[in-house]
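Enquirer: My questions will all concern the structure given below.
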Amino acid sequence: MSLMSRPRGEPSRSFRAGALPSNEAAAVAPPATQPSQGLSRRSRAGPGERQQPGEAASLAVALARERIRRSGEAEGEEEGPVPFWQRTWFLALLLAMAAASFAIALLLYLGLDLPEASPAQSYAADPDNVVEITYGSAIKLMHERTKFRLHSHDVPYGSGSGQQSVTSFPNVDDSNSYWIVRPQPDTSAKQGNPITHGTVVRLQHMRTRKWLHSHMHASPITGNLEVSCFGGENESDTGDYWRLEIEGSGKSWRQNQKIRLRHVDTGGYLHSHDRKYTRIAGGQQEVCGVGDKRPDNVWLAAEGVYLPVNQQK
(Lines give C-alpha, C1' and ligand atoms only; values in the text may rest on other atoms or scores of the structure.)
Protein backbone atom coordinates (compact mmCIF):
# COMPACT_ATOMS: atom_id res chain seq x y z
CA MET A 1 0.00 0.00 0.00
CA SER A 2 1.39 3.32 -0.98
CA LEU A 3 1.94 5.92 1.65
CA MET A 4 1.32 9.59 1.23
CA SER A 5 4.43 11.61 1.22
CA ARG A 6 5.03 14.08 4.07
CA PRO A 7 6.23 17.54 3.41
CA ARG A 8 9.89 17.95 4.15
CA GLY A 9 10.76 19.75 7.28
CA GLU A 10 7.41 19.13 9.08
CA PRO A 11 7.96 17.47 12.37
CA SER A 12 6.52 14.19 13.23
CA ARG A 13 3.17 14.34 15.02
CA SER A 14 3.20 10.89 16.40
CA PHE A 15 2.60 10.48 20.20
CA ARG A 16 1.35 7.99 22.66
CA ALA A 17 -2.34 7.55 23.12
CA GLY A 18 -3.75 10.03 25.62
CA ALA A 19 -0.70 12.29 25.50
CA LEU A 20 -0.76 15.87 24.31
CA PRO A 21 2.03 18.07 23.20
CA SER A 22 3.58 20.11 25.98
CA ASN A 23 2.35 23.45 24.66
CA GLU A 24 -1.20 22.22 24.35
CA ALA A 25 -1.10 20.66 27.86
CA ALA A 26 -0.12 24.02 29.22
CA ALA A 27 -3.04 25.63 27.49
CA VAL A 28 -5.55 23.12 28.87
CA ALA A 29 -4.33 22.82 32.54
CA PRO A 30 -5.93 25.30 34.97
CA PRO A 31 -3.67 27.72 36.85
CA ALA A 32 -2.48 26.67 40.35
CA THR A 33 -4.45 28.40 43.13
CA GLN A 34 -2.49 30.72 45.52
CA PRO A 35 -3.13 30.24 49.24
CA SER A 36 -5.25 32.96 50.90
CA GLN A 37 -3.28 35.37 53.08
CA GLY A 38 -6.00 35.40 55.76
CA LEU A 39 -5.98 31.68 56.48
CA SER A 40 -4.54 30.42 59.74
CA ARG A 41 -1.64 28.10 60.12
CA ARG A 42 -4.06 25.22 60.61
CA SER A 43 -5.84 25.88 57.25
CA ARG A 44 -2.56 26.27 55.39
CA ALA A 45 -1.23 22.94 56.55
CA GLY A 46 -1.30 20.31 53.91
CA PRO A 47 -3.20 17.05 54.22
CA GLY A 48 -0.11 15.18 55.27
CA GLU A 49 1.23 17.94 57.63
CA ARG A 50 0.73 18.21 61.45
CA GLN A 51 0.95 21.38 63.60
CA GLN A 52 3.84 21.61 65.98
CA PRO A 53 2.79 21.39 69.74
CA GLY A 54 4.55 24.66 70.63
CA GLU A 55 2.70 26.60 67.96
CA ALA A 56 -0.67 25.24 69.12
CA ALA A 57 0.02 26.14 72.77
CA SER A 58 1.11 29.70 71.88
CA LEU A 59 -2.04 30.20 69.83
CA ALA A 60 -4.26 28.91 72.69
CA VAL A 61 -2.57 31.24 75.22
CA ALA A 62 -3.00 34.26 72.95
CA LEU A 63 -6.68 33.49 72.42
CA ALA A 64 -7.25 33.04 76.20
CA ARG A 65 -5.60 36.38 76.99
CA GLU A 66 -7.72 38.13 74.41
CA ARG A 67 -10.91 36.66 75.91
CA ILE A 68 -9.86 37.74 79.45
CA ARG A 69 -9.07 41.28 78.30
CA ARG A 70 -12.40 41.65 76.53
CA SER A 71 -14.37 40.22 79.46
CA GLY A 72 -12.57 42.60 81.90
CA GLU A 73 -13.40 45.62 79.79
CA ALA A 74 -17.04 44.54 79.61
CA GLU A 75 -17.28 44.10 83.41
CA GLY A 76 -15.61 47.47 84.05
CA GLU A 77 -18.11 49.20 81.79
CA GLU A 78 -21.03 47.47 83.55
CA GLU A 79 -19.88 48.07 87.20
CA GLY A 80 -18.70 51.69 86.89
CA PRO A 81 -16.54 53.52 89.55
CA VAL A 82 -16.41 52.23 93.18
CA PRO A 83 -18.50 54.43 95.55
CA PHE A 84 -16.60 56.71 97.95
CA TRP A 85 -17.96 55.06 101.12
CA GLN A 86 -16.72 51.64 99.99
CA ARG A 87 -13.18 53.01 99.63
CA THR A 88 -13.15 54.82 103.02
CA TRP A 89 -15.27 52.66 105.36
CA PHE A 90 -12.24 51.25 107.21
CA LEU A 91 -10.87 54.73 107.98
CA ALA A 92 -14.29 55.85 109.23
CA LEU A 93 -14.45 52.78 111.50
CA LEU A 94 -11.05 53.60 113.04
CA LEU A 95 -12.08 57.21 113.70
CA ALA A 96 -15.31 56.06 115.37
CA MET A 97 -13.42 53.62 117.62
CA ALA A 98 -10.91 56.32 118.61
CA ALA A 99 -13.71 58.76 119.51
CA ALA A 100 -15.47 56.12 121.61
CA SER A 101 -12.24 55.27 123.48
CA PHE A 102 -11.60 58.95 124.21
CA ALA A 103 -15.13 59.43 125.55
CA ILE A 104 -14.82 56.40 127.87
CA ALA A 105 -11.44 57.58 129.17
CA LEU A 106 -12.83 61.06 129.85
CA LEU A 107 -15.80 59.65 131.78
CA LEU A 108 -13.53 57.44 133.89
CA TYR A 109 -11.19 60.34 134.65
CA LEU A 110 -14.00 62.63 135.72
CA GLY A 111 -15.56 59.88 137.79
CA LEU A 112 -12.35 59.31 139.71
CA ASP A 113 -11.96 62.99 140.53
CA LEU A 114 -15.41 63.47 142.06
CA PRO A 115 -15.71 63.07 145.84
CA GLU A 116 -17.65 60.05 147.03
CA ALA A 117 -20.35 62.01 148.82
CA SER A 118 -21.00 64.64 146.16
CA PRO A 119 -24.73 65.03 145.59
CA ALA A 120 -26.25 65.49 142.14
CA GLN A 121 -26.73 69.23 142.59
CA SER A 122 -23.03 69.94 143.18
CA TYR A 123 -21.34 72.06 140.52
CA ALA A 124 -17.85 72.98 139.40
CA ALA A 125 -16.47 76.40 140.15
CA ASP A 126 -17.27 78.99 137.51
CA PRO A 127 -14.75 81.87 137.22
CA ASP A 128 -17.58 84.24 136.22
CA ASN A 129 -19.76 83.25 139.17
CA VAL A 130 -18.17 83.70 142.61
CA VAL A 131 -19.30 80.92 144.93
CA GLU A 132 -18.97 80.15 148.60
CA ILE A 133 -16.86 77.32 149.96
CA THR A 134 -19.04 75.01 152.05
CA TYR A 135 -18.42 71.87 154.07
CA GLY A 136 -18.17 68.84 151.80
CA SER A 137 -16.74 70.76 148.85
CA ALA A 138 -13.71 69.20 147.14
CA ILE A 139 -11.30 72.00 146.20
CA LYS A 140 -7.76 72.75 145.11
CA LEU A 141 -5.84 75.36 147.10
CA MET A 142 -3.60 77.52 144.90
CA HIS A 143 -0.50 79.20 146.29
CA GLU A 144 -1.15 82.86 145.46
CA ARG A 145 2.40 83.82 144.43
CA THR A 146 3.70 80.73 142.58
CA LYS A 147 0.30 79.36 141.35
CA PHE A 148 1.23 75.84 142.48
CA ARG A 149 -1.51 73.63 144.02
CA LEU A 150 -1.40 72.09 147.51
CA HIS A 151 -0.64 68.42 146.84
CA SER A 152 -0.04 65.05 148.49
CA HIS A 153 0.65 61.47 147.45
CA ASP A 154 1.40 58.12 149.07
CA VAL A 155 5.12 58.86 149.44
CA PRO A 156 6.57 59.28 152.97
CA TYR A 157 9.16 61.81 154.03
CA GLY A 158 12.69 60.44 154.19
CA SER A 159 13.33 62.46 157.34
CA GLY A 160 11.40 64.03 160.22
CA SER A 161 8.17 62.19 161.05
CA GLY A 162 8.28 59.82 158.07
CA GLN A 163 4.58 60.52 157.49
CA GLN A 164 2.96 61.05 154.08
CA SER A 165 4.59 64.01 152.36
CA VAL A 166 2.85 67.23 151.31
CA THR A 167 4.12 69.47 148.50
CA SER A 168 2.83 72.07 146.05
CA PHE A 169 2.45 70.87 142.46
CA PRO A 170 2.72 72.82 139.19
CA ASN A 171 0.14 70.96 137.05
CA VAL A 172 -3.48 72.07 137.25
CA ASP A 173 -5.09 68.77 136.25
CA ASP A 174 -3.53 66.44 138.85
CA SER A 175 -6.16 64.57 140.89
CA ASN A 176 -3.86 64.28 143.94
CA SER A 177 -4.42 68.00 144.61
CA TYR A 178 -8.06 67.72 145.74
CA TRP A 179 -8.94 68.36 149.41
CA ILE A 180 -12.35 67.92 151.02
CA VAL A 181 -13.29 70.65 153.51
CA ARG A 182 -14.51 69.07 156.78
CA PRO A 183 -15.63 70.57 160.11
CA GLN A 184 -14.24 69.65 163.51
CA PRO A 185 -15.67 66.39 164.83
CA ASP A 186 -18.55 66.56 167.34
CA THR A 187 -19.84 69.89 166.03
CA SER A 188 -23.27 70.85 164.67
CA ALA A 189 -21.84 71.87 161.26
CA LYS A 190 -23.38 70.03 158.33
CA GLN A 191 -22.53 69.45 154.70
CA GLY A 192 -23.37 72.55 152.65
CA ASN A 193 -22.98 75.02 155.54
CA PRO A 194 -20.90 78.15 154.75
CA ILE A 195 -17.58 78.70 156.56
CA THR A 196 -16.89 82.01 158.28
CA HIS A 197 -13.70 83.85 159.29
CA GLY A 198 -12.05 82.32 162.37
CA THR A 199 -13.63 78.88 161.97
CA VAL A 200 -11.47 75.80 162.65
CA VAL A 201 -11.58 73.37 159.71
CA ARG A 202 -9.90 70.16 158.60
CA LEU A 203 -8.70 69.33 155.08
CA GLN A 204 -8.94 65.67 154.04
CA HIS A 205 -6.85 64.49 151.09
CA MET A 206 -9.38 63.00 148.68
CA ARG A 207 -7.25 60.16 147.29
CA THR A 208 -5.56 58.83 150.43
CA ARG A 209 -8.28 59.98 152.94
CA LYS A 210 -5.61 61.34 155.32
CA TRP A 211 -5.71 64.76 157.03
CA LEU A 212 -3.53 67.83 156.44
CA HIS A 213 -1.35 67.77 159.57
CA SER A 214 1.51 69.64 161.23
CA HIS A 215 3.77 69.23 164.27
CA MET A 216 7.19 70.25 165.60
CA HIS A 217 9.28 68.10 163.24
CA ALA A 218 11.56 70.05 160.87
CA SER A 219 10.67 70.37 157.17
CA PRO A 220 13.16 68.71 154.74
CA ILE A 221 14.48 71.77 152.83
CA THR A 222 14.21 74.87 155.04
CA GLY A 223 13.95 73.33 158.54
CA ASN A 224 10.63 75.08 159.27
CA LEU A 225 7.62 73.24 160.70
CA GLU A 226 6.91 70.02 158.81
CA VAL A 227 3.48 69.71 157.13
CA SER A 228 2.33 66.14 156.43
CA CYS A 229 -0.74 63.94 155.92
CA PHE A 230 -1.74 61.71 158.81
CA GLY A 231 -4.57 59.55 160.17
CA GLY A 232 -7.65 58.36 158.30
CA GLU A 233 -11.45 58.33 158.29
CA ASN A 234 -11.69 57.34 161.97
CA GLU A 235 -8.32 58.66 163.11
CA SER A 236 -7.87 62.39 163.65
CA ASP A 237 -6.45 64.65 166.36
CA THR A 238 -5.83 68.32 167.05
CA GLY A 239 -2.76 68.25 164.80
CA ASP A 240 -5.29 68.28 161.91
CA TYR A 241 -6.96 71.57 162.99
CA TRP A 242 -6.44 74.75 160.93
CA ARG A 243 -8.03 78.14 161.64
CA LEU A 244 -9.37 80.04 158.63
CA GLU A 245 -8.23 83.68 158.32
CA ILE A 246 -9.89 85.65 155.49
CA GLU A 247 -7.96 88.61 154.10
CA GLY A 248 -10.02 91.82 153.71
CA SER A 249 -13.56 92.52 154.87
CA GLY A 250 -15.23 89.26 153.88
CA LYS A 251 -17.05 87.32 156.58
CA SER A 252 -17.55 83.96 154.80
CA TRP A 253 -15.10 82.03 152.66
CA ARG A 254 -15.60 82.71 148.94
CA GLN A 255 -13.67 81.51 145.97
CA ASN A 256 -12.14 84.86 145.05
CA GLN A 257 -10.86 85.67 148.55
CA LYS A 258 -7.29 85.42 149.74
CA ILE A 259 -6.97 83.33 152.87
CA ARG A 260 -4.43 82.03 155.36
CA LEU A 261 -4.62 78.76 157.28
CA ARG A 262 -3.02 78.86 160.74
CA HIS A 263 -2.25 75.60 162.53
CA VAL A 264 -3.96 75.48 165.93
CA ASP A 265 -1.33 73.44 167.82
CA THR A 266 1.89 75.06 166.55
CA GLY A 267 0.68 78.51 165.48
CA GLY A 268 2.42 78.12 162.10
CA TYR A 269 0.89 79.40 158.85
CA LEU A 270 0.55 77.04 155.88
CA HIS A 271 3.42 78.18 153.67
CA SER A 272 5.17 77.44 150.37
CA HIS A 273 7.96 79.00 148.29
CA ASP A 274 9.87 78.47 145.06
CA ARG A 275 12.49 76.11 146.52
CA LYS A 276 11.91 72.68 144.94
CA TYR A 277 12.72 69.05 145.61
CA THR A 278 15.20 67.45 143.23
CA ARG A 279 14.83 63.68 143.72
CA ILE A 280 11.65 61.80 144.71
CA ALA A 281 9.30 64.77 144.22
CA GLY A 282 11.43 66.52 141.62
CA GLY A 283 10.04 69.88 140.46
CA GLN A 284 7.58 70.16 143.37
CA GLN A 285 7.85 72.90 145.98
CA GLU A 286 8.23 72.45 149.70
CA VAL A 287 5.18 73.08 151.89
CA CYS A 288 5.89 73.91 155.53
CA GLY A 289 4.68 76.01 158.45
CA VAL A 290 6.11 79.41 159.48
CA GLY A 291 5.31 81.43 162.59
CA ASP A 292 4.63 84.83 161.01
CA LYS A 293 2.49 86.28 158.22
CA ARG A 294 4.29 86.50 154.89
CA PRO A 295 3.24 86.96 151.25
CA ASP A 296 4.17 83.29 150.71
CA ASN A 297 1.47 81.96 153.04
CA VAL A 298 -1.51 83.32 151.09
CA TRP A 299 -3.80 80.83 149.28
CA LEU A 300 -6.94 80.90 147.11
CA ALA A 301 -9.62 78.31 146.35
CA ALA A 302 -9.21 77.31 142.69
CA GLU A 303 -10.62 74.31 140.77
CA GLY A 304 -13.05 71.98 142.50
CA VAL A 305 -16.55 70.72 143.11
CA TYR A 306 -18.39 73.24 145.27
CA LEU A 307 -21.52 72.17 147.11
CA PRO A 308 -24.30 74.77 147.15
CA VAL A 309 -25.11 76.53 150.40
CA ASN A 310 -27.53 74.61 152.60
CA GLN A 311 -30.42 77.01 153.28
CA GLN A 312 -31.79 75.00 156.23
CA LYS A 313 -31.25 76.50 159.64
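Note on naming: chains are A, B, ... as they come in the C-alpha coordinates, residues start from 1 per chain, ligands start from 1 in the order shown.
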Skip range 273-287 of chain A itself and residues of its chain fewer than 2 positions away, then list as a ChimeraX atom specification all residues within 12 Å of it, counting only C-alpha atoms.
Expert: /A:143-158,165-171,212-214,218-229,268-271,289-290,294-299
Enquirer: Write out as a list of chain:residue names all residues of range 104-223 of chain A that backbone DSSP assigns to helix (DSSP H, G or I).
Expert: A:Ile104, A:Ala105, A:Leu106, A:Leu107, A:Leu108, A:Tyr109, A:Leu110, A:Gly111, A:Leu112, A:Asp113, A:Ser175, A:Asn176, A:Ser177
Enquirer: With only C-alpha atoms as the atoms that count, which of A:Ala57, A:Ala64, A:Leu93, A:Ala138 lies nearest to Ala302 in chain A?
Expert: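 Nearest to Ala302 in chain A: A:Ala138.
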Enquirer: Please list as a list in words every residue within 9 Å of Gln191 in chain A, counting only C-alpha atoms and excluding residues in the same chain fewer than 2 positions away.
Expert: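 Using only C-alpha atoms, the neighbours found are Thr134, Tyr135, Gly136, Ser137, Arg182, Pro183, Ala189, Asn193, Pro194, Leu307, Val309 and Asn310 of chain A.
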Enquirer: Return the single residue from A:Thr266, A:Met206, A:Lys258, A:Ser101 that is closest to Ser175 in chain A, with distances computed using only C-alpha atoms.
Expert: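 Ranking A:Thr266, A:Met206, A:Lys258, A:Ser101 by distance to Ser175 in chain A, first place goes to A:Met206.
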Enquirer: Just give me the gap between CA of Asn234 in chain A and CA of Gly160 in chain A in Å, one decimal is fine.
Expert: 24.1 Å
Enquirer: I need the residue nearest Lys140 in chain A from this list: A:Ile68, A:Ala105, A:Leu203, A:Ala62. Use only C-alpha atoms for the distance.
Expert: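 Once distances to Lys140 in chain A are computed over only C-alpha atoms, the minimum belongs to A:Leu203.
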Enquirer: As an exercise, work out the distance from CA of Ile180 in chain A to CA of Gln204 in chain A in Å and give it to one decimal place.
Expert: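 That distance, rounded to one decimal, is 5.1 Å.
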Enquirer: Would you list, as a PyMOL selection string, the residues of range 205-238 of chain A that end up in strand (DSSP E) under DSSP run on this structure's backbone?
Expert: chain A and resi 205+211-218+225-230
